[in-house]
file final-v3.tsv (TSV, C-alpha atoms and all ligand atoms)
chain	number	residue	atom	x	y	z
A	1	MET	CA	32.76	20.68	7.74
A	2	SER	CA	34.82	18.58	10.09
A	3	LEU	CA	33.50	17.55	13.44
A	4	GLU	CA	35.47	19.82	15.69
A	5	GLN	CA	33.32	19.35	18.71
A	6	ASN	CA	35.40	19.38	21.87
A	7	ILE	CA	34.66	17.42	25.01
A	8	THR	CA	35.98	18.40	28.42
A	9	LEU	CA	37.23	15.68	30.74
A	10	SER	CA	36.90	15.75	34.52
A	11	THR	CA	40.55	16.81	34.59
A	12	GLY	CA	39.72	20.00	32.65
A	13	ALA	CA	41.54	18.81	29.52
A	14	SER	CA	39.60	18.78	26.29
A	15	LEU	CA	39.60	16.35	23.41
A	16	ARG	CA	38.04	16.24	19.96
A	17	GLN	CA	34.95	14.12	19.67
A	18	ILE	CA	36.21	12.20	16.64
A	19	GLY	CA	39.62	10.58	16.90
A	20	LEU	CA	41.61	8.18	14.77
A	21	GLY	CA	41.81	4.51	15.77
A	22	THR	CA	44.97	2.58	14.95
A	23	TRP	CA	44.28	-1.06	15.87
A	24	LEU	CA	45.15	-3.45	13.04
A	25	SER	CA	46.70	-0.62	11.08
A	26	LYS	CA	49.70	-2.35	9.60
A	27	PRO	CA	53.23	-0.99	9.50
A	28	LYS	CA	53.61	1.62	6.75
A	29	GLU	CA	49.83	1.94	6.64
A	30	VAL	CA	49.64	3.53	10.05
A	31	GLU	CA	52.40	6.05	9.45
A	32	ASN	CA	50.57	7.25	6.38
A	33	ALA	CA	47.17	7.17	8.10
A	34	VAL	CA	48.29	9.27	11.06
A	35	GLU	CA	50.00	11.81	8.83
A	36	ILE	CA	46.92	12.13	6.58
A	37	ALA	CA	44.65	12.38	9.60
A	38	VAL	CA	46.58	15.16	11.29
A	39	ARG	CA	46.98	17.08	8.03
A	40	ASN	CA	43.21	16.87	7.63
A	41	GLY	CA	42.29	18.15	11.04
A	42	TYR	CA	42.33	15.14	13.38
A	43	ARG	CA	43.74	16.06	16.78
A	44	HIS	CA	42.79	12.96	18.81
A	45	LEU	CA	44.78	9.75	18.29
A	46	ASP	CA	44.01	6.39	19.89
A	47	LEU	CA	47.10	4.23	20.33
A	48	ALA	CA	48.27	1.20	22.30
A	49	MET	CA	51.36	-0.87	23.01
A	50	ILE	CA	49.58	-4.04	21.83
A	51	TYR	CA	48.91	-2.55	18.40
A	52	GLU	CA	52.65	-2.96	17.88
A	53	ASN	CA	52.75	0.05	15.60
A	54	GLN	CA	53.59	2.92	17.93
A	55	ASP	CA	57.05	3.30	16.30
A	56	GLU	CA	55.27	3.98	13.02
A	57	VAL	CA	52.95	6.43	14.70
A	58	GLY	CA	56.05	8.11	16.12
A	59	ALA	CA	57.50	8.40	12.60
A	60	ALA	CA	54.30	10.13	11.45
A	61	LEU	CA	54.35	12.45	14.46
A	62	LYS	CA	57.85	13.59	13.49
A	63	LYS	CA	56.44	14.63	10.12
A	64	VAL	CA	53.63	16.72	11.57
A	65	ILE	CA	55.08	18.12	14.83
A	66	PRO	CA	55.79	21.02	14.79
A	67	SER	CA	55.26	21.76	11.09
A	68	VAL	CA	51.49	21.07	11.11
A	69	VAL	CA	50.60	21.03	14.81
A	70	LYS	CA	52.24	21.68	18.13
A	71	ARG	CA	52.46	18.67	20.43
A	72	GLU	CA	50.01	20.30	22.81
A	73	GLU	CA	47.39	20.55	20.07
A	74	LEU	CA	47.20	16.76	19.84
A	75	PHE	CA	45.34	14.58	22.33
A	76	MET	CA	47.19	11.28	22.48
A	77	THR	CA	45.78	8.25	24.27
A	78	SER	CA	47.77	5.07	24.80
A	79	LYS	CA	47.14	1.98	26.89
A	80	LEU	CA	48.98	-0.12	29.43
A	81	TRP	CA	49.07	-3.69	28.21
A	82	ASN	CA	48.08	-6.72	30.29
A	83	SER	CA	51.65	-7.99	30.72
A	84	SER	CA	52.62	-4.78	32.57
A	85	HIS	CA	49.81	-4.67	35.14
A	86	GLN	CA	52.22	-5.41	37.95
A	87	PRO	CA	53.18	-2.21	39.81
A	88	ALA	CA	56.89	-2.79	39.09
A	89	GLU	CA	56.17	-2.95	35.34
A	90	ALA	CA	53.73	-0.13	34.64
A	91	GLU	CA	56.08	2.83	34.41
A	92	LYS	CA	58.60	0.80	32.41
A	93	GLU	CA	55.98	0.13	29.76
A	94	LEU	CA	54.86	3.75	29.80
A	95	ASP	CA	58.47	4.83	29.15
A	96	GLN	CA	58.63	2.39	26.24
A	97	THR	CA	55.43	3.85	24.78
A	98	LEU	CA	56.76	7.40	25.12
A	99	SER	CA	60.00	6.39	23.47
A	100	GLN	CA	58.20	4.63	20.59
A	101	LEU	CA	56.03	7.69	20.00
A	102	GLY	CA	58.90	10.14	20.51
A	103	VAL	CA	56.91	12.32	22.89
A	104	ASP	CA	57.43	13.39	26.51
A	105	TYR	CA	53.92	12.78	27.76
A	106	LEU	CA	50.55	11.23	26.99
A	107	ASP	CA	47.29	13.08	27.38
A	108	LEU	CA	45.56	9.93	28.56
A	109	TYR	CA	46.80	6.52	29.65
A	110	LEU	CA	44.32	3.69	30.05
A	111	ILE	CA	44.45	0.22	31.57
A	112	HIS	CA	43.68	-1.57	28.30
A	113	TRP	CA	41.84	-4.56	29.81
A	114	PRO	CA	40.78	-5.62	33.31
A	115	VAL	CA	43.03	-8.67	32.85
A	116	ALA	CA	46.66	-9.23	33.89
A	117	PHE	CA	49.11	-11.49	32.08
A	118	VAL	CA	52.34	-12.76	33.62
A	119	PRO	CA	55.16	-10.26	33.02
A	120	GLY	CA	58.45	-10.78	31.22
A	121	LYS	CA	57.29	-13.36	28.68
A	122	GLY	CA	56.23	-11.11	25.83
A	123	LEU	CA	52.98	-9.31	25.13
A	124	VAL	CA	50.97	-12.54	24.79
A	125	PRO	CA	52.66	-15.11	27.05
A	126	PRO	CA	51.79	-18.67	26.07
A	127	HIS	CA	50.32	-20.81	28.84
A	128	PRO	CA	52.98	-23.32	29.98
A	129	SER	CA	50.69	-26.34	29.77
A	130	LYS	CA	47.45	-25.39	27.99
A	131	GLU	CA	47.66	-25.18	24.25
A	132	ASN	CA	46.36	-22.05	22.57
A	133	GLU	CA	45.83	-20.17	25.81
A	134	VAL	CA	47.61	-17.21	27.38
A	135	GLU	CA	49.17	-17.34	30.83
A	136	LEU	CA	47.10	-15.09	33.06
A	137	ASP	CA	48.41	-13.45	36.21
A	138	LEU	CA	45.57	-14.19	38.62
A	139	LYS	CA	47.28	-12.53	41.60
A	140	THR	CA	47.71	-8.92	40.48
A	141	THR	CA	44.41	-7.19	41.12
A	142	LEU	CA	42.75	-4.33	39.28
A	143	VAL	CA	43.21	-2.19	42.38
A	144	ASP	CA	46.97	-2.96	42.38
A	145	THR	CA	47.20	-1.79	38.78
A	146	TRP	CA	45.01	1.26	39.38
A	147	ASN	CA	47.29	2.28	42.26
A	148	ALA	CA	50.26	1.91	39.91
A	149	MET	CA	48.50	4.16	37.37
A	150	ILE	CA	47.78	6.74	40.07
A	151	ALA	CA	51.47	6.74	41.02
A	152	LEU	CA	52.70	7.47	37.47
A	153	PRO	CA	54.40	10.87	37.20
A	154	LYS	CA	52.01	13.62	36.08
A	155	SER	CA	54.80	14.92	33.86
A	156	LYS	CA	54.43	11.78	31.75
A	157	VAL	CA	50.68	11.20	31.92
A	158	ARG	CA	48.10	13.99	32.09
A	159	ALA	CA	45.08	11.80	32.81
A	160	ILE	CA	44.45	8.15	33.63
A	161	GLY	CA	41.53	5.90	32.85
A	162	VAL	CA	40.41	2.42	31.97
A	163	SER	CA	39.16	0.45	29.01
A	164	ASN	CA	36.79	-2.49	28.79
A	165	PHE	CA	35.85	-2.04	32.46
A	166	THR	CA	32.39	-2.89	33.80
A	167	ILE	CA	30.41	-0.93	36.39
A	168	SER	CA	31.43	-3.16	39.30
A	169	GLN	CA	35.09	-3.06	38.32
A	170	ILE	CA	35.09	0.75	38.20
A	171	GLU	CA	33.16	0.97	41.46
A	172	ALA	CA	35.83	-1.16	43.12
A	173	LEU	CA	38.64	1.11	41.89
A	174	ILE	CA	36.88	4.19	43.21
A	175	LYS	CA	36.06	2.56	46.53
A	176	ALA	CA	39.63	1.38	47.08
A	177	THR	CA	41.45	4.54	46.00
A	178	GLY	CA	39.00	7.45	45.83
A	179	VAL	CA	40.35	8.18	42.35
A	180	VAL	CA	37.76	8.19	39.56
A	181	PRO	CA	39.02	7.20	36.09
A	182	ALA	CA	38.79	10.14	33.66
A	183	VAL	CA	37.70	7.84	30.83
A	184	ASN	CA	36.35	4.37	30.16
A	185	GLN	CA	36.97	3.28	26.56
A	186	ILE	CA	34.47	0.62	25.56
A	187	GLU	CA	33.04	-1.16	22.56
A	188	ALA	CA	29.87	0.72	21.60
A	189	HIS	CA	27.76	0.75	18.44
A	190	PRO	CA	24.07	0.20	17.69
A	191	LEU	CA	24.36	-3.55	18.40
A	192	LEU	CA	26.00	-2.83	21.77
A	193	PRO	CA	24.69	0.49	23.07
A	194	GLN	CA	25.81	-0.15	26.68
A	195	ASP	CA	23.15	2.17	28.11
A	196	ASP	CA	23.65	1.13	31.75
A	197	LEU	CA	27.40	1.57	31.64
A	198	LEU	CA	26.98	4.95	29.91
A	199	ALA	CA	24.54	6.14	32.57
A	200	PHE	CA	26.88	4.99	35.33
A	201	CYS	CA	29.88	6.75	33.75
A	202	LYS	CA	27.87	9.93	33.27
A	203	GLU	CA	26.85	9.95	36.92
A	204	LYS	CA	30.50	9.55	37.99
A	205	GLY	CA	31.84	12.15	35.54
A	206	ILE	CA	33.70	9.49	33.54
A	207	HIS	CA	33.95	10.31	29.84
A	208	VAL	CA	33.22	7.40	27.51
A	209	THR	CA	35.09	6.78	24.29
A	210	ALA	CA	33.45	4.32	21.89
A	211	TYR	CA	35.66	1.88	20.08
A	212	SER	CA	34.66	-0.20	17.07
A	213	PRO	CA	32.01	2.44	16.23
A	214	LEU	CA	31.63	0.87	12.79
A	215	GLY	CA	31.04	-2.51	14.37
A	216	ASN	CA	34.41	-3.81	13.28
A	217	ASN	CA	34.36	-7.54	13.61
A	218	LEU	CA	36.77	-10.26	12.83
A	219	VAL	CA	34.20	-13.01	13.07
A	220	GLY	CA	32.77	-12.84	9.57
A	221	LYS	CA	29.41	-11.28	10.52
A	222	PRO	CA	27.96	-8.58	8.26
A	223	LYS	CA	29.56	-5.19	8.86
A	224	LEU	CA	27.30	-2.55	10.35
A	225	THR	CA	28.16	-0.33	7.39
A	226	ASP	CA	26.33	-2.89	5.22
A	227	TYR	CA	23.13	-3.06	7.28
A	228	PRO	CA	20.22	-2.01	5.03
A	229	ALA	CA	18.73	0.39	7.61
A	230	ILE	CA	22.06	2.20	7.98
A	231	VAL	CA	22.67	2.26	4.22
A	232	GLU	CA	19.20	3.66	3.63
A	233	ILE	CA	19.62	6.54	6.10
A	234	ALA	CA	23.06	7.24	4.64
A	235	LYS	CA	21.65	7.46	1.11
A	236	ALA	CA	18.83	9.75	2.22
A	237	LYS	CA	21.36	12.11	3.83
A	238	ASN	CA	23.91	11.87	1.05
A	239	ALA	CA	26.38	10.52	3.59
A	240	THR	CA	28.39	7.33	3.97
A	241	PRO	CA	27.17	4.54	6.29
A	242	ALA	CA	30.31	5.09	8.37
A	243	GLN	CA	29.45	8.78	8.81
A	244	ILE	CA	26.00	7.74	10.00
A	245	LEU	CA	27.44	5.34	12.59
A	246	ILE	CA	29.94	7.94	13.79
A	247	ALA	CA	27.13	10.51	14.02
A	248	TRP	CA	25.08	7.99	16.05
A	249	GLY	CA	27.92	7.87	18.60
A	250	ALA	CA	28.37	11.65	18.58
A	251	TYR	CA	24.63	12.08	19.16
A	252	ARG	CA	25.09	10.15	22.41
A	253	GLY	CA	27.72	12.63	23.61
A	254	TYR	CA	30.78	10.42	23.77
A	255	SER	CA	33.93	10.43	21.68
A	256	VAL	CA	34.30	8.04	18.77
A	257	ILE	CA	37.53	6.66	17.31
A	258	PRO	CA	36.92	5.09	13.90
A	259	LYS	CA	39.96	3.41	12.39
A	260	SER	CA	40.89	3.62	8.73
A	261	VAL	CA	44.09	3.46	6.77
A	262	GLN	CA	42.44	4.68	3.56
A	263	GLU	CA	42.81	8.37	2.75
A	264	GLU	CA	39.28	8.99	1.50
A	265	ARG	CA	37.77	7.19	4.48
A	266	ILE	CA	40.02	8.97	6.97
A	267	LYS	CA	38.82	12.25	5.51
A	268	SER	CA	35.14	11.37	5.16
A	269	ASN	CA	34.90	9.75	8.61
A	270	PHE	CA	35.85	13.17	9.99
A	271	GLN	CA	33.12	15.05	8.13
A	272	GLN	CA	30.29	16.11	10.35
A	273	VAL	CA	26.88	14.58	9.85
A	274	THR	CA	24.16	15.33	12.37
A	275	LEU	CA	21.14	13.16	12.99
A	276	THR	CA	17.57	14.02	13.78
A	277	LYS	CA	15.97	12.30	16.76
A	278	GLU	CA	14.01	10.09	14.35
A	279	GLU	CA	17.15	9.06	12.48
A	280	TYR	CA	18.94	8.39	15.75
A	281	GLU	CA	16.07	6.19	16.91
A	282	ALA	CA	15.89	4.33	13.59
A	283	ILE	CA	19.60	3.49	13.88
A	284	SER	CA	19.20	2.45	17.52
A	285	ALA	CA	16.39	0.10	16.46
A	286	VAL	CA	18.92	-1.96	14.47
A	287	GLY	CA	20.27	-3.24	17.77
A	288	LYS	CA	16.94	-4.17	19.36
A	289	GLY	CA	16.95	-7.93	19.97
A	290	ASN	CA	20.32	-8.12	18.25
A	291	HIS	CA	22.77	-7.68	21.15
A	292	THR	CA	26.25	-8.34	19.77
A	293	ARG	CA	29.58	-7.84	21.46
A	294	PHE	CA	32.35	-8.46	18.94
A	295	ASN	CA	35.38	-8.12	21.18
A	296	ILE	CA	35.40	-11.03	23.64
A	297	PRO	CA	38.89	-12.21	24.63
A	298	TYR	CA	37.58	-15.62	25.71
A	299	ASN	CA	37.06	-16.17	21.97
A	300	TYR	CA	40.54	-14.97	21.01
A	301	GLN	CA	43.25	-17.22	19.63
A	302	PRO	CA	45.07	-17.78	21.95
A	303	ARG	CA	42.22	-17.76	24.45
A	304	TRP	CA	42.07	-15.64	27.62
A	305	ASP	CA	40.35	-17.99	30.02
A	306	ILE	CA	38.52	-15.26	31.94
A	307	ASN	CA	34.98	-13.96	32.23
A	308	ILE	CA	35.19	-10.18	31.79
A	309	PHE	CA	31.73	-9.07	30.76
A	310	GLY	CA	29.36	-11.85	31.84
A	311	GLU	CA	28.38	-12.48	28.21
A	312	PRO	CA	26.91	-15.91	27.32
A	313	GLU	CA	30.01	-16.60	25.21
A	314	GLU	CA	32.13	-16.37	28.38
A	315	LYS	CA	30.13	-18.78	30.52
A	316	ASP	CA	32.69	-21.59	30.32
A	317	ALA	CA	35.61	-19.38	31.35
A	318	SER	CA	37.42	-20.73	34.43
A	319	ASN	CA	38.42	-17.43	36.01
A	320	PRO	CA	36.66	-14.29	37.22
A	321	VAL	CA	38.37	-10.91	37.04
A	322	ASN	CA	40.49	-10.34	40.17
A	323	ILE	CA	39.17	-6.95	41.20
A	324	GLY	CA	40.88	-6.89	44.56
A	325	ALA	CA	38.31	-5.08	46.68
B	1	LIG	N1	40.25	-0.42	24.02
B	1	LIG	C1	40.14	-1.50	23.30
B	1	LIG	O1	40.18	-2.64	23.78
B	1	LIG	C2	39.92	-1.35	21.83
B	1	LIG	C3	39.44	-2.44	21.09
B	1	LIG	C4	39.19	-2.26	19.74
B	1	LIG	C5	39.47	-1.04	19.14
B	1	LIG	N2	39.98	-0.01	19.88
B	1	LIG	C6	40.30	1.30	19.25
B	1	LIG	O2	39.17	1.74	18.53
B	1	LIG	C7	39.53	1.93	17.18
B	1	LIG	C8	38.34	1.69	16.28
B	1	LIG	O3	37.83	0.39	16.44
B	1	LIG	P1	38.07	-0.77	15.39
B	1	LIG	O4	39.33	-0.55	14.64
B	1	LIG	O5	37.88	-2.04	16.13
B	1	LIG	O6	36.81	-0.67	14.44
B	1	LIG	P2	36.05	0.41	13.59
B	1	LIG	O7	36.75	1.71	13.60
B	1	LIG	O8	34.64	0.34	13.98
B	1	LIG	O9	36.14	-0.23	12.13
B	1	LIG	C9	37.36	-0.32	11.43
B	1	LIG	C10	37.07	-1.07	10.13
B	1	LIG	O10	36.17	-0.31	9.33
B	1	LIG	C11	36.79	-0.01	8.09
B	1	LIG	N3	36.36	1.35	7.74
B	1	LIG	C12	36.88	2.53	8.18
B	1	LIG	N4	36.24	3.57	7.62
B	1	LIG	C13	35.28	3.05	6.82
B	1	LIG	C14	34.33	3.62	5.97
B	1	LIG	N5	34.22	4.93	5.84
B	1	LIG	N6	33.50	2.78	5.29
B	1	LIG	C15	33.60	1.44	5.42
B	1	LIG	N7	34.52	0.84	6.21
B	1	LIG	C16	35.35	1.65	6.90
B	1	LIG	C17	38.27	-0.14	8.31
B	1	LIG	O11	38.96	-0.51	7.13
B	1	LIG	P3	40.06	0.45	6.43
B	1	LIG	O12	41.15	0.73	7.43
B	1	LIG	O13	40.53	-0.38	5.28
B	1	LIG	O14	39.34	1.68	6.01
B	1	LIG	C18	38.31	-1.28	9.32
B	1	LIG	O15	38.18	-2.52	8.65
B	1	LIG	C19	40.69	0.96	17.00
B	1	LIG	O16	41.42	1.17	15.82
B	1	LIG	C20	41.45	1.18	18.26
B	1	LIG	O17	42.20	2.39	18.19
B	1	LIG	C21	40.18	-0.14	21.21

call {"tool": "encode", "arguments": {"input": "final-v3.tsv", "output": "structure tokens"}}
result
Amino acid sequence: MSLEQNITLSTGASLRQIGLGTWLSKPKEVENAVEIAVRNGYRHLDLAMIYENQDEVGAALKKVIPSVVKREELFMTSKLWNSSHQPAEAEKELDQTLSQLGVDYLDLYLIHWPVAFVPGKGLVPPHPSKENEVELDLKTTLVDTWNAMIALPKSKVRAIGVSNFTISQIEALIKATGVVPAVNQIEAHPLLPQDDLLAFCKEKGIHVTAYSPLGNNLVGKPKLTDYPAIVEIAKAKNATPAQILIAWGAYRGYSVIPKSVQEERIKSNFQQVTLTKEEYEAISAVGKGNHTRFNIPYNYQPRWDINIFGEPEEKDASNPVNIGA
């Protein structure tokens, strides 16, 4: 049985609890992956300008709309990239995303990161004097960008939200504008449960979507799907480790967007597995004393010289986030 659990956002719109991630899905792979996913019941797609594959996603959408689904049956999320945070840029990038995808509107548009880059120099503008670093825009504030998101035409964007935002950053947006993001998309898995941020979002009516639910990491650490405790529970339930990790996220009530470009995985990741309280707690225990955030832009190549999360790895960053309130 597929996990067809629906979640209702503060806007009244609903989305499927399990969606398909598309980061690092290469050209040709992603077209195939999206088509397979939709044909097998996925209705929630997670996309972004920076994934540089939205044209391919658009090609897949042409194959499934309207023959398999109507546009309105899909929930499509995309994200405003850092180099379009400036109010004059935001709608231009949105239009580009819509044109790449070949659709008239997005169901959800997120500010991808609480970090602005200088505009007009490509998606990852090289710093003019510092090698292997991006050129940040330290003047455009989060509140400036949030106001630009609020001003986007409702005909093009049904709901707006944020991604990778902390409690204080979201509080500042709400205080400055009175507009509460519908969603915060964050890294969350047993090594990074983010309990405080989840509780805050719940209190504010902000839906959380968990990215990297399988603990995707590009830093050579063991994959969560290989952790003995996860493998053991998977075996006992005749499930895959990935299904167990997805079920762990679903147990916590948020939406989960595992990425795969492999047909069998796309299908099996969507199969419902439910956990008992004991199983949920055993999986949570994997993260005790093992706090790990994989996605830290200060560690990227090229580096973003900014402290976003207050993680120890970011302590040498020169710049704080410019919240603007
Ligand atoms: N907002 C943000 O800043 C942000 C950041 C990161 C990610 N995201 C979104 O969240 C999505 C998911 O996160 P993610 O891609 O970082 O990581 P993830 O979904 O946790 O893990 C993806 C990795 O797991 C593999 N995988 C998929 N299914 C598997 C299975 N059943 N068994 C074993 N391995 C499996 C995939 O390889 P194969 O493809 O070869 O199967 C890929 O290497 C992204 O694709 C993107 O849409 C958002």

call {"tool": "residues_around", "arguments": {"input": "final-v3.tsv", "residues": "Ile244 of chain A", "least_positions_apart": "3", "cutoff": "9 Å", "atoms": "only C-alpha atoms", "output": "compact mmCIF listing (two decimals) with C-alpha atoms, in the frame of the given file"}}
result
# COMPACT_ATOMS: atom_id res chain seq x y z
CA THR A 225 28.16 -0.33 7.39
CA ILE A 230 22.06 2.20 7.98
CA VAL A 231 22.67 2.26 4.22
CA ILE A 233 19.62 6.54 6.10
CA ALA A 234 23.06 7.24 4.64
CA LYS A 237 21.36 12.11 3.83
CA ALA A 239 26.38 10.52 3.59
CA THR A 240 28.39 7.33 3.97
CA PRO A 241 27.17 4.54 6.29
CA ALA A 247 27.13 10.51 14.02
CA TRP A 248 25.08 7.99 16.05
CA GLY A 249 27.92 7.87 18.60
CA VAL A 273 26.88 14.58 9.85
CA THR A 274 24.16 15.33 12.37
CA LEU A 275 21.14 13.16 12.99
CA ILE A 283 19.60 3.49 13.88

call {"tool": "residues_around", "arguments": {"input": "final-v3.tsv", "residues": "segment 39-44 of chain A", "least_positions_apart": "5", "cutoff": "6 Å", "atoms": "all atoms listed in the file", "output": "count of residues only"}}
result
5

call {"tool": "closest_residue", "arguments": {"input": "final-v3.tsv", "among": "A:Glu89, A:Asp107, A:Glu232, A:Glu35", "to": "Ala159 of chain A", "atoms": "only C-alpha atoms"}}
result
A:Asp107

call {"tool": "residues_around", "arguments": {"input": "final-v3.tsv", "residues": "Leu142 of chain A", "least_positions_apart": "5", "cutoff": "9 Å", "atoms": "only C-alpha atoms", "output": "compact mmCIF listing (two decimals) with C-alpha atoms, keeping the file's coordinate frame"}}
result
# COMPACT_ATOMS: atom_id res chain seq x y z
CA HIS A 85 49.81 -4.67 35.14
CA PRO A 114 40.78 -5.62 33.31
CA VAL A 115 43.03 -8.67 32.85
CA ALA A 116 46.66 -9.23 33.89
CA ASN A 147 47.29 2.28 42.26
CA GLN A 169 35.09 -3.06 38.32
CA ALA A 172 35.83 -1.16 43.12
CA LEU A 173 38.64 1.11 41.89
CA VAL A 321 38.37 -10.91 37.04
CA ASN A 322 40.49 -10.34 40.17
CA ILE A 323 39.17 -6.95 41.20
CA GLY A 324 40.88 -6.89 44.56
CA ALA A 325 38.31 -5.08 46.68

call {"tool": "atom_distance", "arguments": {"input": "final-v3.tsv", "atom1": "atom CA of Val219 of chain A", "atom2": "atom CA of Glu311 of chain A"}}
result
16.2 Å

call {"tool": "closest_residue", "arguments": {"input": "final-v3.tsv", "among": "A:Asp316, A:Asp46, A:Asp144, A:Glu264", "to": "ligand LIG 1 (chain B)", "atoms": "only C-alpha atoms and all ligand atoms"}}
result
A:Asp46

call {"tool": "residues_near_ligand", "arguments": {"input": "final-v3.tsv", "ligand": "ligand LIG 1 (chain B)", "cutoff": "6 Å", "atoms": "all atoms listed in the file", "output": "list in words"}}
result
Gly21, Thr22, Trp23, Asp46, Leu47, His112, Ser163, Gln185, Tyr211, Ser212, Pro213, Leu214, Gly215, Asn216, Ala242, Ile257, Pro258, Lys259, Ser260, Val261, Gln262, Arg265 and Asn269 of chain A

call {"tool": "closest_residue", "arguments": {"input": "final-v3.tsv", "among": "A:Thr97, A:Ser25, A:Asn82, A:Gln5", "to": "Leu136 of chain A", "atoms": "all atoms listed in the file"}}
result
A:Asn82

call {"tool": "residues_around", "arguments": {"input": "final-v3.tsv", "residues": "Glu131 of chain A", "least_positions_apart": "4", "cutoff": "10 Å", "atoms": "all atoms listed in the file", "output": "PyMOL selection string"}}
result
chain A and resi 126-127+302-303

call {"tool": "closest_residue", "arguments": {"input": "final-v3.tsv", "among": "A:Lys154, A:Lys315, A:Arg71, A:Lys79", "to": "Ile111 of chain A", "atoms": "only C-alpha atoms"}}
result
A:Lys79

call {"tool": "atom_distance", "arguments": {"input": "final-v3.tsv", "atom1": "atom CA of Ala151 of chain A", "atom2": "atom CA of Trp113 of chain A"}}
result
18.6 Å

call {"tool": "atom_distance", "arguments": {"input": "final-v3.tsv", "atom1": "atom CA of Asn132 of chain A", "atom2": "atom CA of Gln54 of chain A"}}
result
26.4 Å

call {"tool": "closest_residue", "arguments": {"input": "final-v3.tsv", "among": "A:Pro27, A:Gly122, A:Pro190, A:Pro153", "to": "Ala285 of chain A", "atoms": "only C-alpha atoms"}}
result
A:Pro190

call {"tool": "closest_residue", "arguments": {"input": "final-v3.tsv", "among": "A:Val134, A:Leu61, A:Val183, A:Ile18", "to": "Tyr298 of chain A", "atoms": "all atoms listed in the file"}}
result
A:Val134

call {"tool": "residues_around", "arguments": {"input": "final-v3.tsv", "residues": "Pro312 of chain A", "least_positions_apart": "2", "cutoff": "12 Å", "atoms": "only C-alpha atoms", "output": "PyMOL selection string"}}
result
chain A and resi 291-293+296+298-299+307-310+314-317
